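**Student:** Quick one: this structure, given as structure tokens, is what I'll be asking you about.
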Amino acid sequence: MTLHRSDLTRFLPSILIGAVASARSMTPMFAIAAARMAGRETPSRPWLLDHPVIKAGALAMGPGELLGDKMKTAPDRTVALGLLARVMSAGIAGAALAPKGRGRTGAALAILTAVPLAYLTLKGRKAAMRRIGQTKSGLIEDALITSAGAAVVAMGTRRGR
């Protein structure tokens with residue numbers, strides 16, 4: 001995978017959605033599914049998210065993750081299943097937001113952003129939890145990440161015809 005500097009601009013939505021996945025694993029798929037339901041088109045077809053069952057799951061799991069994150073028993077985002085969820089969500093959303101015909105590269109860039117950044121966002125969240133508690137820090141992170149996810153998907157999609 002060779003990328004030139006000009007490619008980075010074209011793949012920016014894929015990279016940024018990977019950053020979103022680092023903090024909230026289900027937000028990228030939720031944002032893409034919601035955008036598609038609102039008639040927005042992605043550069044590449046998100047065939048998985050166009051399946052009604054997968055779309056319904058993404059739309060349910062997005063808010064579900066936000067609620068579950070506030071539980072004292074919520075695992076760190078860097079446990080194996082948390083990283084796997086980030087890889088899947090970032091890959092699917094990164095591919096959908098990639099330039100047409102470049103879905104694999106978009107997926108790879110999103111994943112390569114999401115996984116290492118998950119460790120950094122966890123470190124930041126733990127610091128915030130020590131200062132203001134789990135619920136407050138989670139709500140602030142939710143607001144930032146869901147807003148970022150919506151902005152990235154809006155930037156990377158266009159109105160349907």
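Identifiers in the structure tokens: chain A, B, ... in order shown; residue index from 1 per chain; ligand index from 1 in order shown.
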Among chain A, which ones does DSSP assign to strand (DSSP E or B) (computed from the backbone)? Answer as an NGL selection string.
**Tutor:** :A and (40-41 or 158-159)
**Student:** For the residues selected in the previous step, produce a file with C-alpha atoms as a short mmCIF file (atom, residue, chain, number, x, y, z; two decimals), in the first residue's frame.
**Tutor:**
```
data_model
loop_
_atom_site.label_atom_id
_atom_site.label_comp_id
_atom_site.auth_asym_id
_atom_site.auth_seq_id
_atom_site.Cartn_x
_atom_site.Cartn_y
_atom_site.Cartn_z
CA ARG A 40 -26.59 10.05 2.00
CA GLU A 41 -24.25 8.18 -0.32
CA ARG A 158 -22.96 13.33 -0.25
CA ARG A 159 -26.70 13.72 -0.71
#
```
**Student:** Could you give me, as a PyMOL selection string, each residue of chain A that DSSP assigns to helix (DSSP H, G or I) when run on this structure's backbone?
**Tutor:** chain A and resi 5-10+12-23+27-37+52-68+80-97+103-132+134-156
**Student:** Would you kindly return, as a count of residues only, each protein, DNA or RNA residue with an atom no farther than 9 Å from any atom of A:Leu109, considering only C-alpha atoms and excluding same-chain residues fewer than 4 positions away?
**Tutor:** 12
**Student:** Near A:Ser44, counting only C-alpha atoms, which residues have an atom at most 7 Å away, once you skip same-chain residues fewer than 6 positions from it, shown as a PyMOL selection string?
**Tutor:** chain A and resi 95-101+103
**Student:** Please dump the current selection as a PDB file, in the first residue's frame; keep all heavy atoms.
**Tutor:**
```
ATOM      1  N   ALA A  95     -13.728   1.672   4.810  1.00  0.00           N
ATOM      2  CA  ALA A  95     -13.906   1.245   3.415  1.00  0.00           C
ATOM      3  C   ALA A  95     -15.025   2.038   2.751  1.00  0.00           C
ATOM      4  O   ALA A  95     -14.902   2.462   1.601  1.00  0.00           O
ATOM      5  CB  ALA A  95     -14.217  -0.249   3.363  1.00  0.00           C
ATOM      6  N   ALA A  96     -16.119   2.246   3.466  1.00  0.00           N
ATOM      7  CA  ALA A  96     -17.266   2.978   2.900  1.00  0.00           C
ATOM      8  C   ALA A  96     -16.905   4.428   2.575  1.00  0.00           C
ATOM      9  O   ALA A  96     -17.400   4.988   1.596  1.00  0.00           O
ATOM     10  CB  ALA A  96     -18.438   2.937   3.872  1.00  0.00           C
ATOM     11  N   LEU A  97     -16.049   5.030   3.379  1.00  0.00           N
ATOM     12  CA  LEU A  97     -15.693   6.438   3.186  1.00  0.00           C
ATOM     13  C   LEU A  97     -14.498   6.638   2.257  1.00  0.00           C
ATOM     14  O   LEU A  97     -14.140   7.774   1.939  1.00  0.00           O
ATOM     15  CB  LEU A  97     -15.407   7.092   4.549  1.00  0.00           C
ATOM     16  CG  LEU A  97     -16.614   7.194   5.478  1.00  0.00           C
ATOM     17  CD1 LEU A  97     -16.181   7.700   6.851  1.00  0.00           C
ATOM     18  CD2 LEU A  97     -17.695   8.071   4.881  1.00  0.00           C
ATOM     19  N   ALA A  98     -13.888   5.545   1.819  1.00  0.00           N
ATOM     20  CA  ALA A  98     -12.725   5.622   0.926  1.00  0.00           C
ATOM     21  C   ALA A  98     -13.159   5.995  -0.489  1.00  0.00           C
ATOM     22  O   ALA A  98     -14.304   5.770  -0.874  1.00  0.00           O
ATOM     23  CB  ALA A  98     -12.007   4.274   0.896  1.00  0.00           C
ATOM     24  N   PRO A  99     -12.233   6.544  -1.269  1.00  0.00           N
ATOM     25  CA  PRO A  99     -12.562   6.810  -2.676  1.00  0.00           C
ATOM     26  C   PRO A  99     -13.018   5.528  -3.367  1.00  0.00           C
ATOM     27  O   PRO A  99     -12.557   4.428  -3.025  1.00  0.00           O
ATOM     28  CB  PRO A  99     -11.235   7.301  -3.257  1.00  0.00           C
ATOM     29  CG  PRO A  99     -10.471   7.829  -2.090  1.00  0.00           C
ATOM     30  CD  PRO A  99     -10.872   6.960  -0.929  1.00  0.00           C
ATOM     31  N   LYS A 100     -13.914   5.685  -4.313  1.00  0.00           N
ATOM     32  CA  LYS A 100     -14.468   4.533  -5.036  1.00  0.00           C
ATOM     33  C   LYS A 100     -13.353   3.635  -5.566  1.00  0.00           C
ATOM     34  O   LYS A 100     -12.379   4.103  -6.149  1.00  0.00           O
ATOM     35  CB  LYS A 100     -15.337   5.021  -6.193  1.00  0.00           C
ATOM     36  CG  LYS A 100     -16.101   3.925  -6.857  1.00  0.00           C
ATOM     37  CD  LYS A 100     -17.094   4.454  -7.854  1.00  0.00           C
ATOM     38  CE  LYS A 100     -17.838   3.295  -8.444  1.00  0.00           C
ATOM     39  NZ  LYS A 100     -19.231   3.514  -8.538  1.00  0.00           N
ATOM     40  N   GLY A 101     -13.501   2.349  -5.306  1.00  0.00           N
ATOM     41  CA  GLY A 101     -12.513   1.378  -5.756  1.00  0.00           C
ATOM     42  C   GLY A 101     -11.300   1.251  -4.843  1.00  0.00           C
ATOM     43  O   GLY A 101     -10.410   0.461  -5.112  1.00  0.00           O
ATOM     44  N   GLY A 103     -11.596   0.809  -1.329  1.00  0.00           N
ATOM     45  CA  GLY A 103     -12.126   0.414  -0.030  1.00  0.00           C
ATOM     46  C   GLY A 103     -11.137  -0.318   0.854  1.00  0.00           C
ATOM     47  O   GLY A 103     -11.090  -0.081   2.061  1.00  0.00           O
TER      48      GLY A 103
END
```
**Student:** Considering only C-alpha atoms, can you say which of A:Gly68, A:Ala19, A:Ser25, A:Leu139 comes closest to A:Leu84?
**Tutor:**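 Nearest to A:Leu84: A:Ser25.
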**Student:** Residues near A:Pro52, anyone? I mean within 12 Å using only C-alpha atoms, not counting same-chain ones fewer than 4 positions away, as a PDB file with all heavy atoms, in the first residue's frame.
**Tutor:**
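So around.pdb came out as:
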```pdb
ATOM      1  N   ALA A  33     -24.603   3.892   8.954  1.00  0.00           N
ATOM      2  CA  ALA A  33     -25.949   3.348   8.778  1.00  0.00           C
ATOM      3  C   ALA A  33     -26.995   4.461   8.856  1.00  0.00           C
ATOM      4  O   ALA A  33     -27.922   4.503   8.043  1.00  0.00           O
ATOM      5  CB  ALA A  33     -26.230   2.272   9.828  1.00  0.00           C
ATOM      6  N   ARG A  36     -26.845   6.578   5.679  1.00  0.00           N
ATOM      7  CA  ARG A  36     -27.444   5.868   4.541  1.00  0.00           C
ATOM      8  C   ARG A  36     -28.974   5.894   4.642  1.00  0.00           C
ATOM      9  O   ARG A  36     -29.652   6.075   3.642  1.00  0.00           O
ATOM     10  CB  ARG A  36     -26.944   4.425   4.475  1.00  0.00           C
ATOM     11  CG  ARG A  36     -25.446   4.279   4.276  1.00  0.00           C
ATOM     12  CD  ARG A  36     -25.005   4.432   2.885  1.00  0.00           C
ATOM     13  NE  ARG A  36     -25.484   3.308   2.089  1.00  0.00           N
ATOM     14  CZ  ARG A  36     -25.335   3.226   0.786  1.00  0.00           C
ATOM     15  NH1 ARG A  36     -24.715   4.180   0.124  1.00  0.00           N
ATOM     16  NH2 ARG A  36     -25.789   2.197   0.118  1.00  0.00           N
ATOM     17  N   MET A  37     -29.496   5.756   5.848  1.00  0.00           N
ATOM     18  CA  MET A  37     -30.948   5.824   6.024  1.00  0.00           C
ATOM     19  C   MET A  37     -31.479   7.218   5.702  1.00  0.00           C
ATOM     20  O   MET A  37     -32.612   7.367   5.260  1.00  0.00           O
ATOM     21  CB  MET A  37     -31.331   5.443   7.455  1.00  0.00           C
ATOM     22  CG  MET A  37     -31.254   3.959   7.708  1.00  0.00           C
ATOM     23  SD  MET A  37     -31.804   3.501   9.352  1.00  0.00           S
ATOM     24  CE  MET A  37     -33.500   4.055   9.318  1.00  0.00           C
ATOM     25  N   TRP A  47     -21.624  -2.519   1.574  1.00  0.00           N
ATOM     26  CA  TRP A  47     -22.553  -3.613   1.334  1.00  0.00           C
ATOM     27  C   TRP A  47     -22.999  -4.285   2.624  1.00  0.00           C
ATOM     28  O   TRP A  47     -24.147  -4.691   2.736  1.00  0.00           O
ATOM     29  CB  TRP A  47     -21.975  -4.621   0.344  1.00  0.00           C
ATOM     30  CG  TRP A  47     -20.687  -5.230   0.759  1.00  0.00           C
ATOM     31  CD1 TRP A  47     -19.434  -4.745   0.540  1.00  0.00           C
ATOM     32  CD2 TRP A  47     -20.514  -6.437   1.502  1.00  0.00           C
ATOM     33  NE1 TRP A  47     -18.498  -5.564   1.097  1.00  0.00           N
ATOM     34  CE2 TRP A  47     -19.141  -6.625   1.693  1.00  0.00           C
ATOM     35  CE3 TRP A  47     -21.393  -7.377   2.009  1.00  0.00           C
ATOM     36  CZ2 TRP A  47     -18.615  -7.704   2.384  1.00  0.00           C
ATOM     37  CZ3 TRP A  47     -20.875  -8.458   2.692  1.00  0.00           C
ATOM     38  CH2 TRP A  47     -19.499  -8.611   2.870  1.00  0.00           C
ATOM     39  N   LEU A  48     -22.136  -4.418   3.602  1.00  0.00           N
ATOM     40  CA  LEU A  48     -22.555  -5.030   4.865  1.00  0.00           C
ATOM     41  C   LEU A  48     -23.626  -4.180   5.545  1.00  0.00           C
ATOM     42  O   LEU A  48     -24.621  -4.694   6.034  1.00  0.00           O
ATOM     43  CB  LEU A  48     -21.364  -5.177   5.819  1.00  0.00           C
ATOM     44  CG  LEU A  48     -20.645  -6.503   5.823  1.00  0.00           C
ATOM     45  CD1 LEU A  48     -19.449  -6.459   6.753  1.00  0.00           C
ATOM     46  CD2 LEU A  48     -21.553  -7.647   6.171  1.00  0.00           C
ATOM     47  N   ALA A  56     -29.690  -2.712  11.202  1.00  0.00           N
ATOM     48  CA  ALA A  56     -30.452  -2.631  12.451  1.00  0.00           C
ATOM     49  C   ALA A  56     -29.536  -2.855  13.657  1.00  0.00           C
ATOM     50  O   ALA A  56     -29.650  -2.159  14.673  1.00  0.00           O
ATOM     51  CB  ALA A  56     -31.591  -3.645  12.445  1.00  0.00           C
ATOM     52  N   GLY A  57     -28.629  -3.803  13.526  1.00  0.00           N
ATOM     53  CA  GLY A  57     -27.674  -4.055  14.611  1.00  0.00           C
ATOM     54  C   GLY A  57     -26.787  -2.855  14.877  1.00  0.00           C
ATOM     55  O   GLY A  57     -26.554  -2.486  16.032  1.00  0.00           O
ATOM     56  N   ALA A  58     -26.287  -2.237  13.816  1.00  0.00           N
ATOM     57  CA  ALA A  58     -25.428  -1.055  13.971  1.00  0.00           C
ATOM     58  C   ALA A  58     -26.200   0.086  14.616  1.00  0.00           C
ATOM     59  O   ALA A  58     -25.678   0.793  15.481  1.00  0.00           O
ATOM     60  CB  ALA A  58     -24.879  -0.628  12.614  1.00  0.00           C
ATOM     61  N   LEU A  59     -27.454   0.246  14.218  1.00  0.00           N
ATOM     62  CA  LEU A  59     -28.270   1.327  14.778  1.00  0.00           C
ATOM     63  C   LEU A  59     -28.620   1.081  16.243  1.00  0.00           C
ATOM     64  O   LEU A  59     -28.787   2.023  17.008  1.00  0.00           O
ATOM     65  CB  LEU A  59     -29.541   1.516  13.947  1.00  0.00           C
ATOM     66  CG  LEU A  59     -29.301   2.064  12.536  1.00  0.00           C
ATOM     67  CD1 LEU A  59     -30.578   1.987  11.704  1.00  0.00           C
ATOM     68  CD2 LEU A  59     -28.766   3.489  12.589  1.00  0.00           C
TER      69      LEU A  59
END
```
**Student:** Could you check the closest approach to A:Met129 for each of A:Val53, A:Glu141, A:Ser22, A:Arg10 and tell me which residue wins, using only C-alpha atoms?
**Tutor:**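 The answer is A:Glu141, which sits nearest to A:Met129.
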**Student:** With a distance cut-off of 7 Å and only C-alpha atoms, select the neighbouring residues of stretch 142-152 of chain A, excluding the residue or stretch itself and same-chain residues fewer than 4 positions from it, and output the selection as a list in words.
**Tutor:**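 The residues that qualify are Pro13, Leu16, Ile17, Val20, Thr27, Pro28, Ala31, Leu66, Gly138 and Gly156 of chain A.
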**Student:** Between A:Met26, A:Val79, A:Ala108, A:Ala93, which is the closest to A:Gly64 once you count only C-alpha atoms?
**Tutor:**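 That would be A:Met26, the residue with the smallest distance to A:Gly64.
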**Student:** Would you kindly return, as a PDB file with C-alpha atoms, in the first residue's frame, each protein, DNA or RNA residue with an atom no farther than 8 Å from any atom of A:Glu65, considering only C-alpha atoms and excluding same-chain residues fewer than 4 positions away?
**Tutor:**
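Saved the output as selection-v4.pdb:
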```
ATOM      1  CA  ARG A  24     -16.290   4.348  20.537  1.00  0.00           C
ATOM      2  CA  MET A  26     -19.785   1.160  17.332  1.00  0.00           C
ATOM      3  CA  MET A  61     -25.366  -1.056  19.116  1.00  0.00           C
ATOM      4  CA  ASP A  69     -19.672   2.442  28.794  1.00  0.00           C
TER       5      ASP A  69
END
```
**Student:** So what do you get for atom CA of A:Pro46 versus atom CA of A:Ile32, distance-wise?
**Tutor:**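 Those two atoms sit 8.4 Å apart.
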**Student:** A:Ile140, A:Ile132, A:Leu117, A:Leu12: which is nearest A:Arg77, counting only C-alpha atoms?
**Tutor:** A:Leu117
**Student:** Would you work out the distance separating atom CA of A:Thr121 from atom CA of A:Val153, expressed in Å to one decimal?
**Tutor:** 20.3 Å
**Student:** Just how far from atom CA of A:Arg86 is atom CA of A:Ala118, in Å to one decimal?
**Tutor:**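 Separation of atom CA of A:Ala118 and atom CA of A:Arg86: 8.5 Å.
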